[in-house]
Structure formats: C-alpha cells, structure tokens
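Okay, structure first, notes after.
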Amino acid sequence: MKKSLSGKIFAGLFAGLIIGTAIQYLFNGVTFMDTYVLGLAEGAGGMFVSLIKLLVVPLVYVSIVCGIVELKDITAFGRLGGKTFGLYIINTIIAIAAALTVGMIFQPGADANLAGTISEAVELTTTETPDIFSLIVNIVPSNPVQAFASGDMLQIIFMAILTGLAIQALDTRGGPAIKTFKMANEIMMKLVGLVMSLAPFGVFALMIQLGATLDANTLMSVAGYVALVVAMLVFWIFIFYPMIVGLTTGIKPSEFLRHTREQILFSLSTASSNATIPVTMRTLTDKIGVSKSVAGFGVPLGATMNMSGVSIYIALATIFVANAFGQPINSADLFTLGLTILLLSIGAGGVPGGGVVMVGVLLHQLGLPPEGLAIVAAVDRINDMFCTSSNVVGDTAVNTIVAKSENEIGVDANDVEVIPVTVS
C-alpha cells in the first residue's frame with residue numbers, strides 16, 4: 001500500500017507539472033484555463049497544504065512529549081538531545097562549508113551583467129540578522145497560547161520538553177498522563193494516515209500551479225545558477241546522506257533511498273519542512289524502524305534547525321547575486337558569511353519561501369543590491385523544492401544515525417510492528 005502511495009504521488013507530481021506547463025504555453029490567455037482550472041488547482045493545493053499544517057503543531061508537541069516519557073532512562077534524554085543537536089549543527093556546518101567552496105570554485109553569475117536589469121527594488125520585510133542571544137532568550141515563551149497560535153516551533157519544542165520531563169519526574173503517578181499522551185499520539189498518527197491518502201491529489205494540484213507560473217526567460221538568464229544549486233542539493237540527497245548513513249549504520253544506501261522515496265516526493269511538492277514532518281515521522285518509524293522516542297524528539301527539532309538545504313541555497317544565491325552585480329565576495333569574508341548563514345538557516349523556518357526571506361536579509365547585511373532578490377525569488381520555487389528535500393532527508397539521516405548509536409532501531413524499537421531495515 002505504501003509503495004502504491006509513492007507511485008501515486010510520483011504520478012500526480014509529473015501529471016500536474018505537464019498540465020501546468022501546457023496551460024502556460026499552449027492555452028495562455030484562455031479564460032477558462034486561467035479562471036477555472038488554475039483557480040481550482042490553487043484552491044485544492046492550498047487546502048491540502050493547510051490540512052497538513054493543521055496537524056503540525058499538535059503533532060510536534062505530542063510527539064516530543066511522548067518521545068521523552070517513553071525514554072527508559074531519563075538520563076538518556078541528555079545524551080539523546082546532545083547527539084541529535086550536535087549532529088544537526090555539524091551537518092549544517094558541513095553543508096555551508098561545501099556550498100561556499102563550490103560557489104567560490106564555479107562562481108555562479110560571474111559572466112552575467114545584471115546591474116540595472118531590475119526595474120524595481122524588492123522591499124525586504126526583515127532587515128536584521130537574527131541575534132544568537134535573542135534567539136536563545138525567545139525560546140522561553142511568555143504566552144504559551146500565543147506560541148501555539150503563531151506556530152513558533154522553538155517555543156513549542158521547549159514547552160513539550162518541559163512537559164515530558166515533568167511527567168517523567170512523577171514516576172508511577174505520571175502513568176495516566178503517559179497513557180493520555182500515547183493515545184493522543186496514536187490519534188495524530190491516524191490523522192496523518194488519513195491526510196496522506198489525499199497526497200496524490202494535493203501534489204497534483206500544487207504541480208499544476210508550478211507549471212503554469214514558470215517564466216522561461218527568467219529561468220534561462222539564471223540557468224547556470226539554478227543548475228548549480230540543484231546539482232549540489234541532488235548530490236546531498238542521493239549521494240551524501242545515503243553514504244553517511246551506510247558508513248555509520250550499515251544500512252545500504254539503496255535501502256535508505258528506497259525508504260525515503262515518498263518523503264522526497266512529498267517534500268518536492270510542498271517545499272515545506274514543517275508540512276513534511278508527518279511523512280518524515282512515518283518514514284523513520286514505519287519504514288526504517290527508528291524508535292518513537294528518537295523520532296518524536298529529533299524530527300520536530302530537525303524541521304526547525306537542521307537546514308542543510310537552506311544553507312546551501314542561501315550560500316550559492318548570495319554568491320550569485322554578488323557576482324552578477326559586479327560585487328564578488330572576497331575569500332577573507334567567507335568565515336563571517338558562513339557564520340551568518342548558520343544563524344539565518346536556523347531561523348529560516350520550515351515553510352515555503354523561507355529561504356528567499358533569508359537571502360534578502362543576507363543581501364542587506366552584506367550591502368549587496370536588494371534588486372538581486374527579485375532574481376532569486378523568480379526561480380525560488382525550483383530551488384526551494386530541492387533544498388526542502390535535502391532538509392528533510394537530512395533529518396531522517398541524522399535520526400537514523402542517532403537511533404543506531406542508541407540501539408533504538410529495528411523491529412523491537414517500537415511497541416507496534418515496524419518494517420526492519422533489512423527488508424528488500
């Protein structure tokens with residue numbers, strides 16, 4: 001059934017893209033197509049993404065609480081949290097270093113002369129780089145209701161961790177609370193399954209929108225930049241992560257790719273790390289066999305701070321704009337640039353278009369022409385699709401490695417039956 005769902009998502013993705021492209025180039029200006037077909041696709045796609053996002057906040061909170069209360073030893077929380085956090089940071093740093101290296105070697109935009117080609121400057125909604133101390137201070141919410149209403153993932157994660165630790169501290173008296181959260185988690189998993197059954201139709205609608213709005217002239221002008229970003233992200237998804245998982249866990253790269261196929265297709269269509277949280281959770285627990293305690297803690301945290309794909313995207317986009325407008329970045333500025341990208345990637349947020357905002361902030365901080373943001377935004381949907389896939393596959397890779405190190409992977413890792421990693 002899961003394989004057939006992946007096939008349906010795959011079919012919906014390409015069918016929608018073909019129809020959308022046909023509408024743009026063959027039926028451009030046809031009222032029926034523009035008003036009804038695209039309008040229907042926009043509405044259906046928006047409803048599907050909203051339906052997924054509806055599950056995100058309660059799923060994150062409940063899964064983290066369950067992940068902590070299911071830990072056999074509370075001291076394991078510190079070890080598990082340290083490993084997960086550390087690997088996420090290391091993963092992002094490696095991605096930034098690799099992207100800056102590739103950018104300095106290939107110099108995207110070096111042959112372009114785009115100064116003066118943009119008629120209007122793009123107004124930035126944010127003009128300050130996130131301060132690390134402010135980021136830490138703001139993790140503690142002053143109003144929990146507001147944190148849930150705004151979907152502030154760092155604050156929600158903080159509250160979930162506190163709740164889980166408090167229940168653990170009650171020992172046997174916390175039994176009723178543990179049962180309640182476990183039942184809530186089962187309900188959330190059932191809701192995820194119901195919503196995922198609609199995924200092929202949602203993906204189909206989203207791809208119609210994408211195919212109908214691509215601007216061929218714009219794409220051609222930045223083809224080299226787009227190709228470089230996509231190539232590096234594809235390398236990260238299909239070669240880097242499978243090889244690292246293979247070396248550290250013994251899972252064959254081909255197996256890892258087969259398990260993450262549905263996750264990759266879904267993230268390509270939604271371009272949202274947060275919206276892909278339910279799929280990532282299911283990939284880890286049902287397909288790879290990672291324990292719920294590891295996945296429940298690591299996945300929501302990864303959707304917030306494990307942004308390797310966004311880091312690659314931001315780095316290459318910044319170098320492209322700098323080169324295209326005749327203001328190349330010096331090698332002496334790479335360390336500062338890398339540190340800034342690290343902070344920005346953590347604060348990017350797992351929503352579509354989050355990378356564009358961060359690119360705009362970075363351009364402002366470096367004194368680069370803000371007009372360059374219009375060019376980056378024109379092809380953002382393509383790059384954002386692949387950088388989101390890199391983010392979520394990275395979440396799966398890190399949590400698989402952590403689970404292996406904690407001996408929390410395999411058929412006995414969960415109370416429910418899961419598929420062993422060795423199944424062909």
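Convention: chains lettered A, B, ... in structure tokens order; per-chain residue numbering from 1; ligands numbered from 1 as shown.
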
Cut-off 12 Å: closest stretch 159-268 of chain A/stretch 395-399 of chain A atom pairs per residue, using only C-alpha atoms, as CSV:
```
residue,atom,partner,partner_atom,distance
A:Trp236,CA,A:Ala397,CA,11.2
A:Ile237,CA,A:Ala397,CA,9.9
A:Phe238,CA,A:Ala397,CA,11.5
A:Ile239,CA,A:Ala397,CA,11.8
A:Phe240,CA,A:Ala397,CA,10.0
A:Tyr241,CA,A:Ala397,CA,6.3
A:Pro242,CA,A:Ala397,CA,7.6
A:Met243,CA,A:Ala397,CA,9.9
A:Ile244,CA,A:Ala397,CA,7.9
A:Val245,CA,A:Ala397,CA,6.1
A:Gly246,CA,A:Ala397,CA,9.7
A:Leu247,CA,A:Ala397,CA,11.4
A:Thr248,CA,A:Ala397,CA,10.0
A:Thr249,CA,A:Ala397,CA,9.8
A:Ile251,CA,A:Ala397,CA,10.6
A:Pro253,CA,A:Ala397,CA,10.8
A:Phe256,CA,A:Ala397,CA,8.6
A:Leu257,CA,A:Ala397,CA,10.4
A:His259,CA,A:Thr396,CA,9.9
A:Thr260,CA,A:Thr396,CA,8.1
A:Arg261,CA,A:Thr396,CA,11.7
A:Gln263,CA,A:Thr396,CA,9.4
A:Ile264,CA,A:Thr396,CA,10.8
```

Since we have the selection now, will you write its residues out, keeping N, CA, C and O atoms, as a PDB file, in the first residue's frame?
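Contents of the output file result_21.pdb:
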```pdb
ATOM      1  N   TRP A 236      23.600  16.018  -2.361  1.00  0.00           N
ATOM      2  CA  TRP A 236      23.415  15.880  -0.911  1.00  0.00           C
ATOM      3  C   TRP A 236      22.337  14.838  -0.597  1.00  0.00           C
ATOM      4  O   TRP A 236      22.480  14.042   0.316  1.00  0.00           O
ATOM      5  N   ILE A 237      21.243  14.865  -1.381  1.00  0.00           N
ATOM      6  CA  ILE A 237      20.117  13.973  -1.120  1.00  0.00           C
ATOM      7  C   ILE A 237      20.426  12.527  -1.495  1.00  0.00           C
ATOM      8  O   ILE A 237      20.194  11.600  -0.708  1.00  0.00           O
ATOM      9  N   PHE A 238      20.970  12.328  -2.695  1.00  0.00           N
ATOM     10  CA  PHE A 238      21.081  10.981  -3.250  1.00  0.00           C
ATOM     11  C   PHE A 238      22.455  10.332  -3.068  1.00  0.00           C
ATOM     12  O   PHE A 238      22.581   9.122  -3.271  1.00  0.00           O
ATOM     13  N   ILE A 239      23.451  11.096  -2.676  1.00  0.00           N
ATOM     14  CA  ILE A 239      24.785  10.510  -2.510  1.00  0.00           C
ATOM     15  C   ILE A 239      25.340  10.741  -1.104  1.00  0.00           C
ATOM     16  O   ILE A 239      25.710   9.788  -0.409  1.00  0.00           O
ATOM     17  N   PHE A 240      25.375  11.998  -0.659  1.00  0.00           N
ATOM     18  CA  PHE A 240      25.995  12.315   0.627  1.00  0.00           C
ATOM     19  C   PHE A 240      25.297  11.626   1.792  1.00  0.00           C
ATOM     20  O   PHE A 240      25.930  10.886   2.566  1.00  0.00           O
ATOM     21  N   TYR A 241      23.994  11.854   1.940  1.00  0.00           N
ATOM     22  CA  TYR A 241      23.274  11.279   3.079  1.00  0.00           C
ATOM     23  C   TYR A 241      23.223   9.750   3.041  1.00  0.00           C
ATOM     24  O   TYR A 241      23.482   9.103   4.064  1.00  0.00           O
ATOM     25  N   PRO A 242      22.904   9.126   1.904  1.00  0.00           N
ATOM     26  CA  PRO A 242      22.920   7.655   1.875  1.00  0.00           C
ATOM     27  C   PRO A 242      24.292   7.064   2.218  1.00  0.00           C
ATOM     28  O   PRO A 242      24.370   6.038   2.913  1.00  0.00           O
ATOM     29  N   MET A 243      25.363   7.704   1.748  1.00  0.00           N
ATOM     30  CA  MET A 243      26.702   7.195   2.051  1.00  0.00           C
ATOM     31  C   MET A 243      27.024   7.345   3.535  1.00  0.00           C
ATOM     32  O   MET A 243      27.568   6.426   4.154  1.00  0.00           O
ATOM     33  N   ILE A 244      26.685   8.488   4.127  1.00  0.00           N
ATOM     34  CA  ILE A 244      26.953   8.701   5.552  1.00  0.00           C
ATOM     35  C   ILE A 244      26.160   7.711   6.397  1.00  0.00           C
ATOM     36  O   ILE A 244      26.684   7.125   7.357  1.00  0.00           O
ATOM     37  N   VAL A 245      24.893   7.511   6.042  1.00  0.00           N
ATOM     38  CA  VAL A 245      24.067   6.543   6.776  1.00  0.00           C
ATOM     39  C   VAL A 245      24.631   5.136   6.621  1.00  0.00           C
ATOM     40  O   VAL A 245      24.690   4.358   7.578  1.00  0.00           O
ATOM     41  N   GLY A 246      25.073   4.806   5.412  1.00  0.00           N
ATOM     42  CA  GLY A 246      25.653   3.489   5.174  1.00  0.00           C
ATOM     43  C   GLY A 246      26.909   3.259   5.992  1.00  0.00           C
ATOM     44  O   GLY A 246      27.109   2.178   6.557  1.00  0.00           O
ATOM     45  N   LEU A 247      27.758   4.267   6.084  1.00  0.00           N
ATOM     46  CA  LEU A 247      29.014   4.132   6.822  1.00  0.00           C
ATOM     47  C   LEU A 247      28.801   4.052   8.330  1.00  0.00           C
ATOM     48  O   LEU A 247      29.567   3.390   9.033  1.00  0.00           O
ATOM     49  N   THR A 248      27.767   4.715   8.835  1.00  0.00           N
ATOM     50  CA  THR A 248      27.571   4.789  10.286  1.00  0.00           C
ATOM     51  C   THR A 248      26.567   3.779  10.834  1.00  0.00           C
ATOM     52  O   THR A 248      26.603   3.470  12.038  1.00  0.00           O
ATOM     53  N   THR A 249      25.668   3.287   9.994  1.00  0.00           N
ATOM     54  CA  THR A 249      24.625   2.380  10.495  1.00  0.00           C
ATOM     55  C   THR A 249      24.625   1.007   9.840  1.00  0.00           C
ATOM     56  O   THR A 249      24.001   0.083  10.355  1.00  0.00           O
ATOM     57  N   ILE A 251      23.175   0.425   7.009  1.00  0.00           N
ATOM     58  CA  ILE A 251      22.050   0.384   6.075  1.00  0.00           C
ATOM     59  C   ILE A 251      22.575   0.734   4.681  1.00  0.00           C
ATOM     60  O   ILE A 251      23.226   1.752   4.488  1.00  0.00           O
ATOM     61  N   PRO A 253      23.000   2.232   1.087  1.00  0.00           N
ATOM     62  CA  PRO A 253      22.488   3.480   0.506  1.00  0.00           C
ATOM     63  C   PRO A 253      21.235   3.286  -0.334  1.00  0.00           C
ATOM     64  O   PRO A 253      20.322   4.119  -0.290  1.00  0.00           O
ATOM     65  N   PHE A 256      18.285   2.967   2.008  1.00  0.00           N
ATOM     66  CA  PHE A 256      17.927   4.259   2.592  1.00  0.00           C
ATOM     67  C   PHE A 256      17.159   5.105   1.590  1.00  0.00           C
ATOM     68  O   PHE A 256      16.150   5.738   1.944  1.00  0.00           O
ATOM     69  N   LEU A 257      17.603   5.114   0.350  1.00  0.00           N
ATOM     70  CA  LEU A 257      16.909   5.884  -0.682  1.00  0.00           C
ATOM     71  C   LEU A 257      15.516   5.338  -0.939  1.00  0.00           C
ATOM     72  O   LEU A 257      14.562   6.095  -1.159  1.00  0.00           O
ATOM     73  N   HIS A 259      13.595   3.809   1.226  1.00  0.00           N
ATOM     74  CA  HIS A 259      12.745   4.167   2.362  1.00  0.00           C
ATOM     75  C   HIS A 259      12.337   5.632   2.329  1.00  0.00           C
ATOM     76  O   HIS A 259      11.250   5.986   2.819  1.00  0.00           O
ATOM     77  N   THR A 260      13.179   6.502   1.794  1.00  0.00           N
ATOM     78  CA  THR A 260      12.892   7.945   1.801  1.00  0.00           C
ATOM     79  C   THR A 260      12.232   8.433   0.513  1.00  0.00           C
ATOM     80  O   THR A 260      12.029   9.636   0.353  1.00  0.00           O
ATOM     81  N   ARG A 261      11.891   7.532  -0.384  1.00  0.00           N
ATOM     82  CA  ARG A 261      11.334   7.934  -1.676  1.00  0.00           C
ATOM     83  C   ARG A 261      10.060   8.760  -1.520  1.00  0.00           C
ATOM     84  O   ARG A 261       9.913   9.825  -2.122  1.00  0.00           O
ATOM     85  N   GLN A 263       9.066  10.414   1.062  1.00  0.00           N
ATOM     86  CA  GLN A 263       9.425  11.656   1.736  1.00  0.00           C
ATOM     87  C   GLN A 263       9.996  12.676   0.748  1.00  0.00           C
ATOM     88  O   GLN A 263       9.641  13.857   0.788  1.00  0.00           O
ATOM     89  N   ILE A 264      10.854  12.221  -0.151  1.00  0.00           N
ATOM     90  CA  ILE A 264      11.457  13.108  -1.141  1.00  0.00           C
ATOM     91  C   ILE A 264      10.398  13.679  -2.072  1.00  0.00           C
ATOM     92  O   ILE A 264      10.346  14.893  -2.323  1.00  0.00           O
TER      93      ILE A 264
END
```

Exercise: A:Val222 partners within 9 Å, only C-alpha atoms, chain neighbours under 5 positions left out, as a PyMOL selection string: chain A and resi 108-109+112+227+375-376+379

Selection export as a PDB file, in the first residue's frame, atoms kept: all heavy atoms:
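Now in result_15.pdb:
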```pdb
ATOM      1  N   PRO A 108      29.053  31.210  -9.694  1.00  0.00           N
ATOM      2  CA  PRO A 108      27.794  31.418 -10.437  1.00  0.00           C
ATOM      3  C   PRO A 108      27.508  32.905 -10.604  1.00  0.00           C
ATOM      4  O   PRO A 108      27.703  33.704  -9.681  1.00  0.00           O
ATOM      5  CB  PRO A 108      26.752  30.759  -9.529  1.00  0.00           C
ATOM      6  CG  PRO A 108      27.366  30.769  -8.158  1.00  0.00           C
ATOM      7  CD  PRO A 108      28.836  30.579  -8.385  1.00  0.00           C
ATOM      8  N   GLY A 109      27.072  33.283 -11.789  1.00  0.00           N
ATOM      9  CA  GLY A 109      26.744  34.672 -12.073  1.00  0.00           C
ATOM     10  C   GLY A 109      27.916  35.537 -12.468  1.00  0.00           C
ATOM     11  O   GLY A 109      27.744  36.734 -12.721  1.00  0.00           O
ATOM     12  N   ALA A 112      27.510  37.127 -15.853  1.00  0.00           N
ATOM     13  CA  ALA A 112      26.273  37.901 -16.064  1.00  0.00           C
ATOM     14  C   ALA A 112      26.505  39.370 -15.745  1.00  0.00           C
ATOM     15  O   ALA A 112      27.336  39.725 -14.918  1.00  0.00           O
ATOM     16  CB  ALA A 112      25.157  37.346 -15.179  1.00  0.00           C
ATOM     17  N   ALA A 227      21.123  25.467 -11.998  1.00  0.00           N
ATOM     18  CA  ALA A 227      21.701  24.142 -12.208  1.00  0.00           C
ATOM     19  C   ALA A 227      22.700  23.802 -11.116  1.00  0.00           C
ATOM     20  O   ALA A 227      22.754  22.663 -10.637  1.00  0.00           O
ATOM     21  CB  ALA A 227      22.378  24.069 -13.569  1.00  0.00           C
ATOM     22  N   ILE A 375      15.542  38.400  -8.637  1.00  0.00           N
ATOM     23  CA  ILE A 375      16.009  37.322  -9.499  1.00  0.00           C
ATOM     24  C   ILE A 375      15.986  35.997  -8.741  1.00  0.00           C
ATOM     25  O   ILE A 375      15.556  34.969  -9.264  1.00  0.00           O
ATOM     26  CB  ILE A 375      17.435  37.624  -9.994  1.00  0.00           C
ATOM     27  CG1 ILE A 375      17.441  38.953 -10.751  1.00  0.00           C
ATOM     28  CG2 ILE A 375      17.952  36.502 -10.882  1.00  0.00           C
ATOM     29  CD1 ILE A 375      18.820  39.438 -11.107  1.00  0.00           C
ATOM     30  N   VAL A 376      16.454  36.033  -7.499  1.00  0.00           N
ATOM     31  CA  VAL A 376      16.452  34.819  -6.675  1.00  0.00           C
ATOM     32  C   VAL A 376      15.023  34.329  -6.468  1.00  0.00           C
ATOM     33  O   VAL A 376      14.734  33.131  -6.566  1.00  0.00           O
ATOM     34  CB  VAL A 376      17.131  35.091  -5.318  1.00  0.00           C
ATOM     35  CG1 VAL A 376      16.990  33.885  -4.390  1.00  0.00           C
ATOM     36  CG2 VAL A 376      18.605  35.424  -5.518  1.00  0.00           C
ATOM     37  N   VAL A 379      13.112  32.246  -9.341  1.00  0.00           N
ATOM     38  CA  VAL A 379      13.346  30.805  -9.506  1.00  0.00           C
ATOM     39  C   VAL A 379      13.355  30.088  -8.157  1.00  0.00           C
ATOM     40  O   VAL A 379      13.826  28.957  -8.040  1.00  0.00           O
ATOM     41  CB  VAL A 379      14.676  30.557 -10.245  1.00  0.00           C
ATOM     42  CG1 VAL A 379      14.587  31.030 -11.674  1.00  0.00           C
ATOM     43  CG2 VAL A 379      15.837  31.257  -9.525  1.00  0.00           C
TER      44      VAL A 379
END
```

Using only C-alpha atoms, which protein or nucleic acid residues come within 9 Å of stretch 326-339 of chain A? Drop anything in the same chain fewer than 3 positions from it, and give the result as a PyMOL selection string. chain A and resi 93+96-97+100+104+107+110+112-115+311+315+318-323+342-344+362+366+368

Using only C-alpha atoms for the distances, tell me which of A:Val392, A:Leu301, A:Ile64, A:Ala317 is nearest to A:Gly82.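 Among the listed residues, the smallest separation from A:Gly82 belongs to A:Leu301.
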
Which of stretch 77-293 of chain A counts as helix (DSSP H, G or I) under DSSP, as a PyMOL selection string please? chain A and resi 77-106+132-137+144-150+153-169+171-196+199-213+216-221+223-249+253-259+261-270+277-288+292-293

I need the residue nearest A:Glu262 from this list: A:Ser50, A:Asn407, A:Ser389, A:Ser293. Use only C-alpha atoms for the distance.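 The closest residue to A:Glu262 is A:Ser389.
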
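Pairwise distance (atom CA of A:Gly45, atom CA of A:Ala205) equals 5.0 Å.
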
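Closest approach to A:Gln24 from the set A:Ala295, A:Pro369, A:Met159, A:Gln209 is made by A:Gln209, with distances taken over only C-alpha atoms.
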
From the options A:Gly7, A:Ala99, A:Leu233, A:Ile52, which residue's atoms come nearest to A:Ile341, counting only C-alpha atoms? A:Ala99

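Nearest residue to A:Thr283 among A:Met207, A:Ile23, A:Val393, A:Val359 is A:Val393, counting only C-alpha atoms.
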
Compile the contact shell of A:Leu210 as a VMD selection string: residues with an atom at most 12 Å away, counting only C-alpha atoms, same-chain residues fewer than 2 positions apart removed. chain A and resid 13 to 24 38 41 to 42 45 203 to 208 212 to 215 268 to 271 378 to 382 385

If you keep N, CA and C atoms, can you produce a file of those selected residues as a short mmCIF file (atom, residue, chain, number, x, y, z; two decimals), in the first residue's frame?
```cif
data_model
loop_
_atom_site.label_atom_id
_atom_site.label_comp_id
_atom_site.auth_asym_id
_atom_site.auth_seq_id
_atom_site.Cartn_x
_atom_site.Cartn_y
_atom_site.Cartn_z
N LEU A 13 2.67 14.25 -9.32
CA LEU A 13 3.68 15.29 -9.47
C LEU A 13 3.92 15.61 -10.94
N PHE A 14 4.19 14.58 -11.74
CA PHE A 14 4.54 14.81 -13.14
C PHE A 14 3.31 15.17 -13.98
N ALA A 15 2.17 14.57 -13.68
CA ALA A 15 0.96 14.90 -14.43
C ALA A 15 0.58 16.36 -14.22
N GLY A 16 0.67 16.81 -12.97
CA GLY A 16 0.35 18.20 -12.68
C GLY A 16 1.32 19.16 -13.34
N LEU A 17 2.61 18.81 -13.33
CA LEU A 17 3.61 19.68 -13.95
C LEU A 17 3.40 19.78 -15.46
N ILE A 18 3.06 18.66 -16.09
CA ILE A 18 2.82 18.66 -17.54
C ILE A 18 1.59 19.51 -17.89
N ILE A 19 0.52 19.34 -17.13
CA ILE A 19 -0.71 20.10 -17.39
C ILE A 19 -0.48 21.59 -17.17
N GLY A 20 0.22 21.93 -16.08
CA GLY A 20 0.50 23.33 -15.80
C GLY A 20 1.34 23.98 -16.88
N THR A 21 2.36 23.26 -17.37
CA THR A 21 3.21 23.79 -18.44
C THR A 21 2.40 23.97 -19.72
N ALA A 22 1.51 23.03 -20.00
CA ALA A 22 0.66 23.14 -21.20
C ALA A 22 -0.25 24.35 -21.11
N ILE A 23 -0.77 24.62 -19.92
CA ILE A 23 -1.65 25.78 -19.73
C ILE A 23 -0.88 27.07 -20.02
N GLN A 24 0.39 27.14 -19.56
CA GLN A 24 1.16 28.36 -19.75
C GLN A 24 1.52 28.60 -21.21
N LEU A 38 -6.86 26.83 -13.21
CA LEU A 38 -5.83 27.29 -12.28
C LEU A 38 -6.43 27.70 -10.94
N ALA A 41 -7.05 24.53 -9.08
CA ALA A 41 -5.78 23.95 -8.63
C ALA A 41 -5.22 24.72 -7.45
N GLU A 42 -5.31 26.06 -7.53
CA GLU A 42 -4.81 26.88 -6.42
C GLU A 42 -5.58 26.61 -5.14
N GLY A 45 -4.80 22.89 -3.95
CA GLY A 45 -3.45 22.82 -3.41
C GLY A 45 -3.32 23.54 -2.09
N VAL A 203 -0.69 16.96 -4.35
CA VAL A 203 0.54 17.15 -5.12
C VAL A 203 0.20 17.51 -6.56
N PHE A 204 -0.79 16.85 -7.13
CA PHE A 204 -1.23 17.12 -8.50
C PHE A 204 -1.64 18.59 -8.66
N ALA A 205 -2.42 19.10 -7.72
CA ALA A 205 -2.87 20.48 -7.79
C ALA A 205 -1.72 21.46 -7.63
N LEU A 206 -0.81 21.17 -6.70
CA LEU A 206 0.33 22.05 -6.47
C LEU A 206 1.24 22.14 -7.70
N MET A 207 1.42 21.02 -8.38
CA MET A 207 2.30 21.00 -9.55
C MET A 207 1.67 21.71 -10.75
N ILE A 208 0.34 21.72 -10.84
CA ILE A 208 -0.32 22.50 -11.89
C ILE A 208 0.00 23.98 -11.72
N ALA A 212 2.32 26.26 -14.41
CA ALA A 212 1.65 27.37 -15.09
C ALA A 212 2.29 28.72 -14.82
N THR A 213 3.21 28.80 -13.86
CA THR A 213 3.78 30.10 -13.49
C THR A 213 5.27 30.22 -13.77
N LEU A 214 5.91 29.19 -14.27
CA LEU A 214 7.34 29.27 -14.58
C LEU A 214 7.57 30.24 -15.74
N ASP A 215 8.53 31.13 -15.59
CA ASP A 215 8.88 32.10 -16.61
C ASP A 215 10.14 31.62 -17.32
N LEU A 268 9.28 17.63 -2.27
CA LEU A 268 9.44 18.35 -3.53
C LEU A 268 8.18 19.11 -3.90
N SER A 269 7.03 18.54 -3.60
CA SER A 269 5.77 19.16 -3.99
C SER A 269 5.34 20.26 -3.03
N THR A 270 5.58 20.08 -1.73
CA THR A 270 5.12 21.07 -0.76
C THR A 270 6.14 22.16 -0.49
N ALA A 271 7.44 21.84 -0.67
CA ALA A 271 8.54 22.79 -0.37
C ALA A 271 8.44 23.30 1.06
N ALA A 378 12.49 34.77 -8.39
CA ALA A 378 11.86 34.30 -9.62
C ALA A 378 12.00 32.81 -9.81
N VAL A 379 13.11 32.25 -9.34
CA VAL A 379 13.35 30.81 -9.51
C VAL A 379 13.36 30.09 -8.16
N ASP A 380 12.82 30.77 -7.14
CA ASP A 380 12.85 30.19 -5.79
C ASP A 380 12.12 28.86 -5.71
N ARG A 381 10.99 28.76 -6.40
CA ARG A 381 10.17 27.55 -6.26
C ARG A 381 10.95 26.29 -6.66
N ILE A 382 11.79 26.42 -7.69
CA ILE A 382 12.57 25.26 -8.13
C ILE A 382 13.63 24.92 -7.09
N MET A 385 12.21 23.61 -3.67
CA MET A 385 11.77 22.22 -3.68
C MET A 385 12.91 21.28 -3.28
#
```

If I take atom CA of A:Leu194 and atom CA of A:Val60, how far is one from the other in Å, to one decimal?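 We find that atom CA of A:Leu194 and atom CA of A:Val60 lie 17.5 Å from each other.
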